[in-house]
Amino acid sequence: MIDPELLDILACPETKEPVSVVERELIDKINGKIKEGILLNRGKQTVTENIDGGLMRADKKYLYPIRDSIPVMLIEEAIPLDEFL
């Protein structure tokens with residue numbers, strides 16, 4: 001779980017939009033695609049490691065993965081959400 005104080009200061013590194021924690025249902029869908037080996041991140045690399053959670057950009061275009069309770073706020077690691085929403 002993300003500390004609420006940390007969440008208040010986190011923003012998309014590209015657009016500076018706020019981010020919010022996503023529901024478990026979306027994480028499960030994303031992890032399903034990861035398991036199938038068919039999910040590409042924004043850097044066009046296949047995502048191979050399941051995520052524990054995610055932070056969605058305010059425009060709902062990208063999700064920044066959370067692994068081991070650490071948000072990965074790198075533009076190329078963001079997961080496009082167009083097929084999930």
# chains A, B, ... in the order shown; residues from 1 in each chain; ligands from 1
call {"tool": "residues_around", "arguments": {"residues": "Lys35 in chain A", "least_positions_apart": "6", "cutoff": "10 Å", "atoms": "only C-alpha atoms", "output": "PDB file with C-alpha atoms, in the first residue's frame"}}
result
ATOM      1  CA  LYS A  29      -6.324  -7.993 -15.583  1.00  0.00           C
ATOM      2  CA  VAL A  47       6.524  -6.861 -19.219  1.00  0.00           C
ATOM      3  CA  THR A  48       7.620 -10.108 -17.557  1.00  0.00           C
ATOM      4  CA  GLU A  49       7.222  -9.397 -13.845  1.00  0.00           C
ATOM      5  CA  ASN A  50       3.801  -9.218 -12.163  1.00  0.00           C
TER       6      ASN A  50
END
call {"tool": "closest_atom_pairs", "arguments": {"of": "range 20-40 of chain A", "to": "range 54-78 of chain A", "cutoff": "7 Å", "atoms": "only C-alpha atoms", "output": "Markdown table"}}
result
| residue | atom | partner | partner_atom | distance |
| --- | --- | --- | --- | --- |
| A:Ser20 | CA | A:Leu55 | CA | 5.1 |
| A:Val21 | CA | A:Leu55 | CA | 4.7 |
| A:Val22 | CA | A:Gly54 | CA | 5.8 |
call {"tool": "atom_distance", "arguments": {"atom1": "CA of Lys33 in chain A", "atom2": "CA of Met1 in chain A"}}
result
22.3 Å
call {"tool": "atom_distance", "arguments": {"atom1": "CA of Leu26 in chain A", "atom2": "CA of Gly53 in chain A"}}
result
8.9 Å
call {"tool": "atom_distance", "arguments": {"atom1": "CA of Arg42 in chain A", "atom2": "CA of Asp8 in chain A"}}
result
24.1 Å
call {"tool": "closest_residue", "arguments": {"among": "A:Pro80, A:Pro13, A:Glu25, A:Leu85", "to": "Gln45 in chain A", "atoms": "only C-alpha atoms"}}
result
A:Pro80
call {"tool": "residues_around", "arguments": {"residues": "Leu7 in chain A", "least_positions_apart": "2", "cutoff": "9 Å", "atoms": "only C-alpha atoms", "output": "ChimeraX atom specification"}}
result
/A:2-5,9-11,18-21,55
